[in-house]
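**Student:** Input file: final_13.txt. Contents: compact mmCIF, C-alpha atoms.
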```txt
# COMPACT_ATOMS: atom_id res chain seq x y z
CA MET A 680 -8.39 -5.71 -18.08
CA ALA A 681 -7.69 -2.07 -17.18
CA GLU A 682 -5.40 -0.21 -19.53
CA HIS A 683 -2.28 1.27 -18.04
CA THR A 684 -2.89 4.79 -16.84
CA ALA A 685 -0.05 7.30 -16.88
CA PRO A 686 1.46 8.59 -13.61
CA MET A 687 -0.39 11.52 -12.09
CA SER A 688 -0.27 13.88 -9.19
CA ALA A 689 -2.18 12.30 -6.30
CA LEU A 690 -3.82 15.67 -5.69
CA SER A 691 -5.30 15.61 -9.21
CA ILE A 692 -7.43 12.60 -8.25
CA LYS A 693 -10.95 13.53 -7.18
CA ALA A 694 -11.38 14.05 -3.42
CA GLU A 695 -14.30 12.47 -1.59
CA SER A 696 -15.57 13.64 1.76
CA GLY A 697 -18.54 13.51 4.08
CA GLY A 698 -17.47 10.90 6.61
CA GLY A 699 -17.91 7.83 4.46
CA SER A 700 -20.72 5.32 4.67
CA TYR A 701 -21.31 5.09 8.41
CA PRO A 702 -24.91 5.27 9.61
CA GLU A 703 -25.96 7.97 12.05
CA PRO A 704 -25.27 8.77 14.85
CA PHE A 705 -21.68 7.98 13.85
CA LEU A 706 -21.42 9.84 10.57
CA SER A 707 -21.76 13.32 12.04
CA ARG A 708 -19.04 12.62 14.63
CA MET A 709 -16.30 12.12 12.04
CA GLY A 710 -15.33 15.75 11.40
CA GLN A 711 -13.83 17.06 8.21
CA GLY A 712 -11.80 14.48 6.35
CA GLU A 713 -11.28 13.80 2.70
CA TRP A 714 -9.73 10.96 0.75
CA ARG A 715 -8.53 10.27 -2.76
CA ARG A 716 -8.67 6.68 -4.00
CA LEU A 717 -5.27 6.45 -5.65
CA GLY A 718 -5.22 2.73 -6.35
CA ASP A 719 -8.69 2.73 -7.86
CA ALA A 720 -7.60 5.52 -10.21
CA PHE A 721 -5.23 3.01 -11.83
CA GLY A 722 -7.71 0.14 -11.89
CA LEU A 723 -6.14 -1.72 -8.97
CA THR A 724 -8.51 -4.12 -7.24
CA GLN A 725 -6.46 -6.23 -4.80
CA PHE A 726 -5.79 -3.46 -2.32
CA GLY A 727 -6.96 0.07 -1.75
CA VAL A 728 -4.51 2.91 -1.29
CA SER A 729 -5.75 6.39 -0.48
CA LEU A 730 -4.32 9.81 0.22
CA GLU A 731 -6.31 11.17 3.13
CA THR A 732 -6.47 14.55 4.83
CA LEU A 733 -7.82 15.04 8.34
CA GLN A 734 -8.68 18.56 9.39
CA PRO A 735 -8.21 19.53 13.06
CA GLY A 736 -10.71 17.61 15.19
CA ALA A 737 -11.46 14.98 12.54
CA GLU A 738 -11.20 11.20 12.93
CA SER A 739 -9.98 8.75 10.28
CA ALA A 740 -12.69 6.22 11.16
CA LEU A 741 -14.47 4.86 14.17
CA ARG A 742 -12.14 2.69 16.24
CA HIS A 743 -12.27 -0.74 14.56
CA TRP A 744 -10.41 -3.87 13.52
CA HIS A 745 -10.78 -6.13 10.48
CA THR A 746 -11.16 -9.88 10.56
CA LEU A 747 -9.49 -10.54 7.18
CA CYS A 748 -7.84 -7.38 5.84
CA ASP A 749 -4.35 -6.11 6.66
CA GLU A 750 -4.07 -2.31 6.95
CA PHE A 751 -1.12 0.10 6.89
CA LEU A 752 -0.64 3.88 7.34
CA TYR A 753 2.28 6.22 6.56
CA LEU A 754 2.08 9.81 7.80
CA LEU A 755 3.21 12.37 5.21
CA GLU A 756 2.54 15.65 6.97
CA GLY A 757 1.06 16.94 10.23
CA GLU A 758 0.38 15.04 13.41
CA ILE A 759 -2.20 12.38 14.29
CA VAL A 760 -2.95 10.37 17.40
CA LEU A 761 -3.44 6.61 17.17
CA ARG A 762 -5.91 5.24 19.70
CA MET A 763 -5.86 1.53 20.61
CA ASN A 764 -6.68 -0.62 23.65
CA ALA A 765 -3.32 0.11 25.28
CA GLY A 766 -3.65 3.87 24.92
CA GLU A 767 -2.56 6.63 22.57
CA THR A 768 0.52 7.22 20.43
CA THR A 769 1.29 10.40 18.51
CA LEU A 770 2.60 10.01 14.96
CA THR A 771 4.80 12.60 13.29
CA PRO A 772 5.80 12.69 9.58
CA GLY A 773 7.70 9.62 8.41
CA MET A 774 6.12 7.37 11.02
CA CYS A 775 4.07 4.35 10.01
CA VAL A 776 2.02 1.56 11.54
CA GLY A 777 0.42 -1.66 10.35
CA PHE A 778 -2.57 -3.60 11.59
CA LYS A 779 -2.59 -7.30 10.97
CA ALA A 780 -5.93 -8.85 10.04
CA GLY A 781 -7.64 -10.62 12.90
CA VAL A 782 -5.80 -8.93 15.77
CA ARG A 783 -8.58 -8.04 18.21
CA ASP A 784 -7.50 -4.49 19.02
CA GLY A 785 -9.36 -1.57 17.51
CA HIS A 786 -7.54 1.43 16.02
CA HIS A 787 -8.29 4.82 14.58
CA PHE A 788 -6.53 8.16 14.16
CA VAL A 789 -7.62 11.56 15.37
CA ASN A 790 -6.18 14.95 14.52
CA ARG A 791 -5.87 16.92 17.75
CA SER A 792 -3.48 19.45 16.25
CA ASP A 793 -4.36 22.82 14.74
CA ARG A 794 -3.19 21.91 11.23
CA PRO A 795 -4.39 19.44 8.58
CA ALA A 796 -2.70 16.03 8.57
CA HIS A 797 -1.98 14.07 5.37
CA TYR A 798 -1.30 10.35 5.18
CA LEU A 799 -1.33 7.37 2.86
CA VAL A 800 -3.40 4.43 3.99
CA MET A 801 -3.69 1.05 2.35
CA GLY A 802 -5.64 -2.09 2.99
CA SER A 803 -6.16 -5.41 1.30
CA ARG A 804 -9.59 -6.32 -0.07
CA VAL A 805 -10.64 -9.75 1.10
CA PRO A 806 -14.17 -11.07 0.44
CA GLY A 807 -15.99 -11.94 3.65
CA ASP A 808 -14.17 -9.37 5.76
CA ASN A 809 -16.01 -8.13 8.85
CA ALA A 810 -15.13 -5.01 10.85
CA TYR A 811 -15.75 -4.73 14.59
CA TYR A 812 -16.09 -1.47 16.49
CA PRO A 813 -15.32 -1.99 20.19
CA ASP A 814 -16.49 1.48 21.34
CA ASP A 815 -19.73 1.70 19.35
CA ASP A 816 -22.93 -0.21 18.71
CA LEU A 817 -21.71 -1.15 15.24
CA LEU A 818 -20.50 -4.11 13.18
CA TRP A 819 -19.77 -4.17 9.48
CA ILE A 820 -20.67 -7.65 8.42
CA ASP A 821 -20.49 -9.60 5.19
CA ARG A 822 -23.41 -12.02 4.99
CA GLU A 823 -25.26 -13.97 2.38
CA ASP A 824 -26.86 -10.86 0.93
CA GLY A 825 -23.85 -8.54 1.00
CA SER A 826 -21.88 -6.29 3.30
CA PHE A 827 -23.71 -3.83 5.56
CA PRO A 828 -23.56 -1.95 8.88
CA ALA A 829 -25.49 -3.47 11.78
CA HIS A 830 -26.07 -3.03 15.48
CA LYS A 831 -24.05 -5.38 17.69
CA ASP A 832 -27.11 -7.66 17.91
CA GLY A 833 -26.97 -8.06 14.10
CA THR A 834 -29.95 -5.85 13.23
CA PRO A 835 -29.06 -3.81 10.12
CA TYR A 836 -29.01 -0.04 10.28
CA PRO A 837 -31.55 1.56 7.91
CA LYS A 838 -30.29 1.76 4.33
CA LYS A 839 -29.32 5.23 3.18
CA MET B 91 -1.09 -14.20 14.97
CA ALA B 92 1.33 -11.28 15.09
CA GLU B 93 1.00 -9.01 18.08
CA HIS B 94 0.33 -5.38 17.39
CA THR B 95 3.56 -3.44 17.02
CA ALA B 96 3.63 0.22 18.01
CA PRO B 97 4.01 2.93 15.36
CA MET B 98 7.59 3.66 14.42
CA SER B 99 9.66 5.89 12.21
CA ALA B 100 10.02 4.19 8.82
CA LEU B 101 13.71 5.12 8.88
CA SER B 102 14.18 3.10 12.08
CA ILE B 103 13.38 -0.09 10.16
CA LYS B 104 16.45 -1.95 8.96
CA ALA B 105 17.55 -1.05 5.41
CA GLU B 106 18.44 -3.78 2.93
CA SER B 107 20.52 -3.22 -0.15
CA GLY B 108 22.60 -4.97 -2.77
CA GLY B 109 20.23 -5.14 -5.71
CA GLY B 110 17.90 -7.83 -4.43
CA SER B 111 17.80 -11.42 -5.60
CA TYR B 112 18.45 -11.09 -9.33
CA PRO B 113 21.01 -13.40 -10.87
CA GLU B 114 24.02 -12.01 -12.66
CA PRO B 115 24.55 -10.31 -15.06
CA PHE B 116 21.53 -8.31 -13.89
CA LEU B 117 22.40 -7.80 -10.24
CA SER B 118 25.43 -5.61 -10.83
CA ARG B 119 23.47 -3.33 -13.20
CA MET B 120 21.05 -2.17 -10.51
CA GLY B 121 23.11 0.58 -8.89
CA GLN B 122 22.75 1.74 -5.32
CA GLY B 123 19.29 1.29 -3.92
CA GLU B 124 18.01 0.38 -0.52
CA TRP B 125 14.63 -0.61 0.84
CA ARG B 126 12.93 -0.99 4.18
CA ARG B 127 10.16 -3.56 4.47
CA LEU B 128 7.62 -1.52 6.40
CA GLY B 129 4.67 -3.90 6.18
CA ASP B 130 6.72 -6.91 7.23
CA ALA B 131 7.87 -4.97 10.30
CA PHE B 132 4.26 -5.07 11.51
CA GLY B 133 3.66 -8.70 10.59
CA LEU B 134 1.58 -7.90 7.50
CA THR B 135 1.46 -10.72 4.96
CA GLN B 136 -1.16 -9.85 2.33
CA PHE B 137 0.80 -7.06 0.71
CA GLY B 138 4.31 -5.68 0.89
CA VAL B 139 4.95 -1.98 1.43
CA SER B 140 8.48 -0.65 1.35
CA LEU B 141 10.25 2.67 1.69
CA GLU B 142 12.88 2.70 -1.01
CA THR B 143 15.75 5.02 -1.83
CA LEU B 144 17.40 5.15 -5.25
CA GLN B 145 20.74 6.86 -5.51
CA PRO B 146 21.62 8.69 -8.75
CA GLY B 147 22.00 6.16 -11.55
CA ALA B 148 20.17 3.37 -9.73
CA GLU B 149 17.18 1.38 -11.01
CA SER B 150 14.22 0.19 -8.91
CA ALA B 151 14.12 -3.17 -10.68
CA LEU B 152 14.58 -4.61 -14.13
CA ARG B 153 11.69 -3.63 -16.39
CA HIS B 154 8.98 -6.20 -15.61
CA TRP B 155 5.29 -6.94 -15.17
CA HIS B 156 3.45 -9.32 -12.85
CA THR B 157 0.85 -11.82 -13.89
CA LEU B 158 -1.12 -11.79 -10.61
CA CYS B 159 0.08 -8.97 -8.36
CA ASP B 160 -1.09 -5.35 -8.41
CA GLU B 161 1.66 -2.78 -7.73
CA PHE B 162 1.61 0.90 -6.74
CA LEU B 163 4.22 3.63 -6.19
CA TYR B 164 4.03 7.08 -4.53
CA LEU B 165 7.04 9.39 -4.86
CA LEU B 166 7.96 11.16 -1.61
CA GLU B 167 11.08 13.06 -2.59
CA GLY B 168 13.41 13.50 -5.56
CA GLU B 169 12.75 12.62 -9.19
CA ILE B 170 12.48 9.28 -10.97
CA VAL B 171 11.79 8.26 -14.55
CA LEU B 172 9.22 5.57 -15.30
CA ARG B 173 10.04 3.49 -18.37
CA MET B 174 7.30 1.52 -20.14
CA ASN B 175 6.54 0.34 -23.70
CA ALA B 176 5.14 3.73 -24.70
CA GLY B 177 8.18 5.65 -23.44
CA GLU B 178 9.29 7.57 -20.41
CA THR B 179 7.55 9.75 -17.83
CA THR B 180 9.24 11.78 -15.11
CA LEU B 181 7.69 11.66 -11.66
CA THR B 182 8.05 14.47 -9.14
CA PRO B 183 7.06 14.37 -5.44
CA GLY B 184 3.37 13.70 -4.83
CA MET B 185 2.97 11.77 -8.09
CA CYS B 186 1.86 8.16 -8.09
CA VAL B 187 1.24 5.31 -10.50
CA GLY B 188 -0.33 1.88 -10.32
CA PHE B 189 0.26 -1.27 -12.36
CA LYS B 190 -2.64 -3.67 -12.65
CA ALA B 191 -1.76 -7.36 -12.51
CA GLY B 192 -1.68 -9.03 -15.90
CA VAL B 193 -1.24 -5.91 -18.04
CA ARG B 194 1.49 -6.90 -20.51
CA ASP B 195 3.59 -3.75 -20.26
CA GLY B 196 6.83 -3.77 -18.32
CA HIS B 197 7.78 -0.94 -15.95
CA HIS B 198 10.66 0.17 -13.81
CA PHE B 199 12.02 3.41 -12.39
CA VAL B 200 15.45 4.94 -12.86
CA ASN B 201 17.00 7.85 -11.02
CA ARG B 202 18.69 10.07 -13.63
CA SER B 203 18.92 13.03 -11.28
CA ASP B 204 21.86 14.00 -9.10
CA ARG B 205 20.00 13.49 -5.80
CA PRO B 206 18.58 10.45 -4.00
CA ALA B 207 14.90 9.68 -4.64
CA HIS B 208 12.59 8.26 -1.96
CA TYR B 209 9.30 6.50 -2.61
CA LEU B 210 6.78 4.12 -1.11
CA VAL B 211 6.01 1.06 -3.17
CA MET B 212 3.44 -1.60 -2.44
CA GLY B 213 2.37 -4.82 -4.04
CA SER B 214 -0.02 -7.63 -3.29
CA ARG B 215 1.33 -11.11 -2.61
CA VAL B 216 -0.49 -13.69 -4.70
CA PRO B 217 0.68 -17.31 -4.79
CA GLY B 218 1.57 -18.44 -8.30
CA ASP B 219 2.59 -14.98 -9.50
CA ASN B 220 5.07 -14.88 -12.38
CA ALA B 221 7.12 -11.86 -13.43
CA TYR B 222 8.17 -11.25 -17.03
CA TYR B 223 11.09 -9.07 -18.11
CA PRO B 224 10.64 -7.90 -21.70
CA ASP B 225 14.14 -6.44 -22.09
CA ASP B 226 16.16 -9.24 -20.50
CA ASP B 227 16.68 -13.00 -20.71
CA LEU B 228 14.78 -13.47 -17.47
CA LEU B 229 11.51 -14.83 -16.09
CA TRP B 230 10.56 -15.21 -12.44
CA ILE B 231 8.35 -18.24 -12.39
CA ASP B 232 6.37 -20.07 -9.75
CA ARG B 233 6.37 -23.79 -10.48
CA GLU B 234 5.74 -27.04 -8.65
CA ASP B 235 8.98 -26.73 -6.69
CA GLY B 236 8.85 -23.04 -5.85
CA SER B 237 9.57 -19.62 -7.28
CA PHE B 238 12.88 -18.97 -9.05
CA PRO B 239 14.61 -16.90 -11.77
CA ALA B 240 15.01 -18.57 -15.15
CA HIS B 241 16.14 -17.86 -18.67
CA LYS B 242 13.33 -17.20 -21.14
CA ASP B 243 13.56 -20.84 -22.25
CA GLY B 244 12.71 -21.91 -18.68
CA THR B 245 16.21 -23.05 -17.65
CA PRO B 246 16.82 -21.92 -14.06
CA TYR B 247 19.70 -19.57 -13.29
CA PRO B 248 22.25 -21.12 -10.90
CA LYS B 249 21.17 -20.92 -7.26
CA LYS B 250 23.06 -18.38 -5.19
```
Rewrite the structure from the file as structure tokens, please.
**Tutor:**
Amino acid sequence: MAEHTAPMSALSIKAESGGGSYPEPFLSRMGQGEWRRLGDAFGLTQFGVSLETLQPGAESALRHWHTLCDEFLYLLEGEIVLRMNAGETTLTPGMCVGFKAGVRDGHHFVNRSDRPAHYLVMGSRVPGDNAYYPDDDLLWIDREDGSFPAHKDGTPYPKK
Amino acid sequence: MAEHTAPMSALSIKAESGGGSYPEPFLSRMGQGEWRRLGDAFGLTQFGVSLETLQPGAESALRHWHTLCDEFLYLLEGEIVLRMNAGETTLTPGMCVGFKAGVRDGHHFVNRSDRPAHYLVMGSRVPGDNAYYPDDDLLWIDREDGSFPAHKDGTPYPKK
């Protein structure tokens, strides 16, 4: 059992960057983003909650939806554009949006402004979750031997 | 399955107030707080995420811990004091803290400042969760016939 950890400034938690764990050719399309795993810093396991920063031109993720995990975003500062099947919506500070697990409509956020955008994003962690990427030749599938990125035909991308 | 709901201003979501569902004599001790159920507004079920405001003198909750649910708080504006077994810590904007399920150390937040405080709080929703209140004659227990507040000896408080 994790010990209690004292409150801390979110900005004191180590930032990660580099576009995450997508395979190429996707990884290099992501632009400059960074994220701090706030929940993990306190030993939380049931959901992830991160403070993320998107620089101008960067994308939060490839457009995707999850089969089993609920997701939620709250914009702290800056401006980001949500892209879904029905089109685009611009978020300003204090706006939020949730994505129910299993709803077959991909989402992601892009920063088309000239300033960094900062948001909190959270998602549940459910074993067996798959992610689908309607615009790209990509699936993230959880199979007998673990969770990995694959082409839409199921062929795994090369391991990094 | 919930339909996708478009992004919205968190402040446009209906505020609830009145101290929540505690029995007396606890309810009237809570002071003036209000909360907006942001996750529920988008049909999310796996975790709750709320935007909460504590007026000066108000408390977020009675000091408690959960047996099965992880919790997390991020302070947006104002100043709140976290109270736990080891003592008190003041949080300022941009600070956060997480509480791992099952850690036997109660927590709550009080606003001792002269301004309202605003924070985001989230928690997983795990069936069978109990909450324990070390400072008060209160348990929140999930038994065969549902979840309800009880005295420490297990006797239910009167239904409201």
**Student:** Would you mind reading off the distance between CA of Arg127 in chain B and CA of Ser688 in chain A, one decimal, in Å?
**Tutor:** 24.5 Å
**Student:** Contacts between chain A and chain B, please, where a residue of chain B counts if it comes within 6 Å (with all atoms listed in the file); show its shortest atom pair and distance in Å to one decimal, rows by chain and ascending number, as JSON lines.
**Tutor:**
```
{"residue": "B:Pro97", "atom": "CA", "partner": "A:Val776", "partner_atom": "CA", "distance": 4.5}
{"residue": "B:Met98", "atom": "CA", "partner": "A:Met774", "partner_atom": "CA", "distance": 5.2}
{"residue": "B:Ser99", "atom": "CA", "partner": "A:Met774", "partner_atom": "CA", "distance": 4.0}
{"residue": "B:Ala100", "atom": "CA", "partner": "A:Met774", "partner_atom": "CA", "distance": 5.5}
{"residue": "B:Phe132", "atom": "CA", "partner": "A:Gly777", "partner_atom": "CA", "distance": 5.3}
{"residue": "B:Leu134", "atom": "CA", "partner": "A:Lys779", "partner_atom": "CA", "distance": 5.5}
{"residue": "B:Gly184", "atom": "CA", "partner": "A:Ser688", "partner_atom": "CA", "distance": 5.7}
{"residue": "B:Met185", "atom": "CA", "partner": "A:Ser688", "partner_atom": "CA", "distance": 4.0}
{"residue": "B:Cys186", "atom": "CA", "partner": "A:Pro686", "partner_atom": "CA", "distance": 5.6}
{"residue": "B:Val187", "atom": "CA", "partner": "A:Pro686", "partner_atom": "CA", "distance": 4.5}
{"residue": "B:Gly188", "atom": "CA", "partner": "A:Phe721", "partner_atom": "CA", "distance": 5.3}
{"residue": "B:Lys190", "atom": "CA", "partner": "A:Leu723", "partner_atom": "CA", "distance": 5.4}
```
**Student:** Please, what distance in Å, to one decimal, runs between CA of Gln734 in chain A and CA of Pro702 in chain A?
**Tutor:**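 Between CA of Gln734 in chain A and CA of Pro702 in chain A the gap is 21.0 Å.
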**Student:** In Å, rounded to a single decimal, give me how far CA of Arg794 in chain A is from CA of Glu142 in chain B.
**Tutor:**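 CA of Arg794 in chain A lies at a distance of 27.9 Å from CA of Glu142 in chain B.
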**Student:** Could you give me, as JSON, numbers by chain, the residues that have an atom at most 8 Å away from the point (11.6, -15.4, -14.8) in the coordinates of the file, using all atoms listed in the file?
**Tutor:** {"B": [220, 221, 222, 223, 228, 229, 230, 231, 238, 239, 240, 241, 242, 244]}
**Student:** Please rebuild range 191-202 of chain B with all heavy atoms and give the result as a PDB file, in the coordinates of the input.
**Tutor:**
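To be explicit, this is the file written out as part.pdb:
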```pdb
ATOM      1  N   ALA B 191      -2.243  -6.005 -12.217  1.00  0.00           N
ATOM      2  CA  ALA B 191      -1.760  -7.360 -12.510  1.00  0.00           C
ATOM      3  C   ALA B 191      -2.210  -7.782 -13.912  1.00  0.00           C
ATOM      4  O   ALA B 191      -3.342  -7.524 -14.319  1.00  0.00           O
ATOM      5  CB  ALA B 191      -2.332  -8.336 -11.487  1.00  0.00           C
ATOM      6  N   GLY B 192      -1.303  -8.423 -14.629  1.00  0.00           N
ATOM      7  CA  GLY B 192      -1.680  -9.030 -15.900  1.00  0.00           C
ATOM      8  C   GLY B 192      -1.603  -8.125 -17.107  1.00  0.00           C
ATOM      9  O   GLY B 192      -1.770  -8.596 -18.240  1.00  0.00           O
ATOM     10  N   VAL B 193      -1.377  -6.826 -16.901  1.00  0.00           N
ATOM     11  CA  VAL B 193      -1.240  -5.910 -18.040  1.00  0.00           C
ATOM     12  C   VAL B 193       0.168  -6.095 -18.621  1.00  0.00           C
ATOM     13  O   VAL B 193       1.174  -5.923 -17.912  1.00  0.00           O
ATOM     14  CB  VAL B 193      -1.489  -4.448 -17.639  1.00  0.00           C
ATOM     15  CG1 VAL B 193      -1.236  -3.508 -18.816  1.00  0.00           C
ATOM     16  CG2 VAL B 193      -2.925  -4.281 -17.131  1.00  0.00           C
ATOM     17  N   ARG B 194       0.238  -6.453 -19.897  1.00  0.00           N
ATOM     18  CA  ARG B 194       1.490  -6.900 -20.510  1.00  0.00           C
ATOM     19  C   ARG B 194       2.341  -5.720 -20.961  1.00  0.00           C
ATOM     20  O   ARG B 194       2.591  -5.532 -22.153  1.00  0.00           O
ATOM     21  CB  ARG B 194       1.177  -7.849 -21.672  1.00  0.00           C
ATOM     22  CG  ARG B 194       0.600  -9.170 -21.180  1.00  0.00           C
ATOM     23  CD  ARG B 194      -0.041  -9.993 -22.281  1.00  0.00           C
ATOM     24  NE  ARG B 194      -0.685 -11.162 -21.690  1.00  0.00           N
ATOM     25  CZ  ARG B 194      -0.106 -12.352 -21.563  1.00  0.00           C
ATOM     26  NH1 ARG B 194       1.092 -12.568 -22.037  1.00  0.00           N
ATOM     27  NH2 ARG B 194      -0.749 -13.346 -20.988  1.00  0.00           N
ATOM     28  N   ASP B 195       2.767  -4.932 -19.972  1.00  0.00           N
ATOM     29  CA  ASP B 195       3.590  -3.750 -20.260  1.00  0.00           C
ATOM     30  C   ASP B 195       4.579  -3.586 -19.109  1.00  0.00           C
ATOM     31  O   ASP B 195       4.176  -3.256 -17.995  1.00  0.00           O
ATOM     32  CB  ASP B 195       2.688  -2.524 -20.391  1.00  0.00           C
ATOM     33  CG  ASP B 195       3.430  -1.313 -20.918  1.00  0.00           C
ATOM     34  OD1 ASP B 195       4.675  -1.355 -21.034  1.00  0.00           O
ATOM     35  OD2 ASP B 195       2.757  -0.301 -21.217  1.00  0.00           O
ATOM     36  N   GLY B 196       5.831  -3.833 -19.386  1.00  0.00           N
ATOM     37  CA  GLY B 196       6.830  -3.770 -18.320  1.00  0.00           C
ATOM     38  C   GLY B 196       7.060  -2.352 -17.820  1.00  0.00           C
ATOM     39  O   GLY B 196       6.891  -1.384 -18.568  1.00  0.00           O
ATOM     40  N   HIS B 197       7.471  -2.247 -16.551  1.00  0.00           N
ATOM     41  CA  HIS B 197       7.780  -0.940 -15.950  1.00  0.00           C
ATOM     42  C   HIS B 197       8.977  -1.083 -15.026  1.00  0.00           C
ATOM     43  O   HIS B 197       9.226  -2.141 -14.458  1.00  0.00           O
ATOM     44  CB  HIS B 197       6.577  -0.427 -15.143  1.00  0.00           C
ATOM     45  CG  HIS B 197       6.254  -1.294 -13.965  1.00  0.00           C
ATOM     46  ND1 HIS B 197       5.385  -2.361 -14.047  1.00  0.00           N
ATOM     47  CD2 HIS B 197       6.701  -1.293 -12.690  1.00  0.00           C
ATOM     48  CE1 HIS B 197       5.310  -2.969 -12.882  1.00  0.00           C
ATOM     49  NE2 HIS B 197       6.100  -2.341 -12.025  1.00  0.00           N
ATOM     50  N   HIS B 198       9.716  -0.009 -14.901  1.00  0.00           N
ATOM     51  CA  HIS B 198      10.660   0.170 -13.810  1.00  0.00           C
ATOM     52  C   HIS B 198      10.968   1.651 -13.696  1.00  0.00           C
ATOM     53  O   HIS B 198      10.477   2.453 -14.505  1.00  0.00           O
ATOM     54  CB  HIS B 198      11.934  -0.682 -13.966  1.00  0.00           C
ATOM     55  CG  HIS B 198      12.901  -0.236 -15.008  1.00  0.00           C
ATOM     56  ND1 HIS B 198      14.216  -0.613 -15.004  1.00  0.00           N
ATOM     57  CD2 HIS B 198      12.739   0.579 -16.103  1.00  0.00           C
ATOM     58  CE1 HIS B 198      14.833  -0.081 -16.041  1.00  0.00           C
ATOM     59  NE2 HIS B 198      13.967   0.633 -16.717  1.00  0.00           N
ATOM     60  N   PHE B 199      11.729   2.010 -12.669  1.00  0.00           N
ATOM     61  CA  PHE B 199      12.020   3.410 -12.390  1.00  0.00           C
ATOM     62  C   PHE B 199      13.530   3.580 -12.325  1.00  0.00           C
ATOM     63  O   PHE B 199      14.232   2.743 -11.740  1.00  0.00           O
ATOM     64  CB  PHE B 199      11.401   3.828 -11.058  1.00  0.00           C
ATOM     65  CG  PHE B 199       9.901   3.693 -11.034  1.00  0.00           C
ATOM     66  CD1 PHE B 199       9.310   2.491 -10.662  1.00  0.00           C
ATOM     67  CD2 PHE B 199       9.090   4.741 -11.428  1.00  0.00           C
ATOM     68  CE1 PHE B 199       7.923   2.348 -10.663  1.00  0.00           C
ATOM     69  CE2 PHE B 199       7.709   4.606 -11.438  1.00  0.00           C
ATOM     70  CZ  PHE B 199       7.120   3.400 -11.053  1.00  0.00           C
ATOM     71  N   VAL B 200      14.021   4.650 -12.922  1.00  0.00           N
ATOM     72  CA  VAL B 200      15.450   4.940 -12.860  1.00  0.00           C
ATOM     73  C   VAL B 200      15.627   6.359 -12.310  1.00  0.00           C
ATOM     74  O   VAL B 200      14.790   7.240 -12.544  1.00  0.00           O
ATOM     75  CB  VAL B 200      16.128   4.799 -14.239  1.00  0.00           C
ATOM     76  CG1 VAL B 200      16.015   3.353 -14.735  1.00  0.00           C
ATOM     77  CG2 VAL B 200      15.516   5.720 -15.275  1.00  0.00           C
ATOM     78  N   ASN B 201      16.688   6.520 -11.562  1.00  0.00           N
ATOM     79  CA  ASN B 201      17.000   7.850 -11.020  1.00  0.00           C
ATOM     80  C   ASN B 201      18.098   8.459 -11.880  1.00  0.00           C
ATOM     81  O   ASN B 201      19.267   8.113 -11.769  1.00  0.00           O
ATOM     82  CB  ASN B 201      17.453   7.741  -9.563  1.00  0.00           C
ATOM     83  CG  ASN B 201      17.739   9.113  -8.959  1.00  0.00           C
ATOM     84  OD1 ASN B 201      17.710  10.119  -9.672  1.00  0.00           O
ATOM     85  ND2 ASN B 201      18.009   9.148  -7.664  1.00  0.00           N
ATOM     86  N   ARG B 202      17.707   9.402 -12.756  1.00  0.00           N
ATOM     87  CA  ARG B 202      18.690  10.070 -13.630  1.00  0.00           C
ATOM     88  C   ARG B 202      19.070  11.428 -13.067  1.00  0.00           C
ATOM     89  O   ARG B 202      19.755  12.207 -13.733  1.00  0.00           O
ATOM     90  CB  ARG B 202      18.086  10.253 -15.019  1.00  0.00           C
ATOM     91  CG  ARG B 202      17.813   8.924 -15.698  1.00  0.00           C
ATOM     92  CD  ARG B 202      17.812   9.095 -17.209  1.00  0.00           C
ATOM     93  NE  ARG B 202      17.404   7.864 -17.849  1.00  0.00           N
ATOM     94  CZ  ARG B 202      16.344   7.731 -18.633  1.00  0.00           C
ATOM     95  NH1 ARG B 202      15.574   8.785 -18.911  1.00  0.00           N
ATOM     96  NH2 ARG B 202      16.061   6.565 -19.191  1.00  0.00           N
TER      97      ARG B 202
END
```
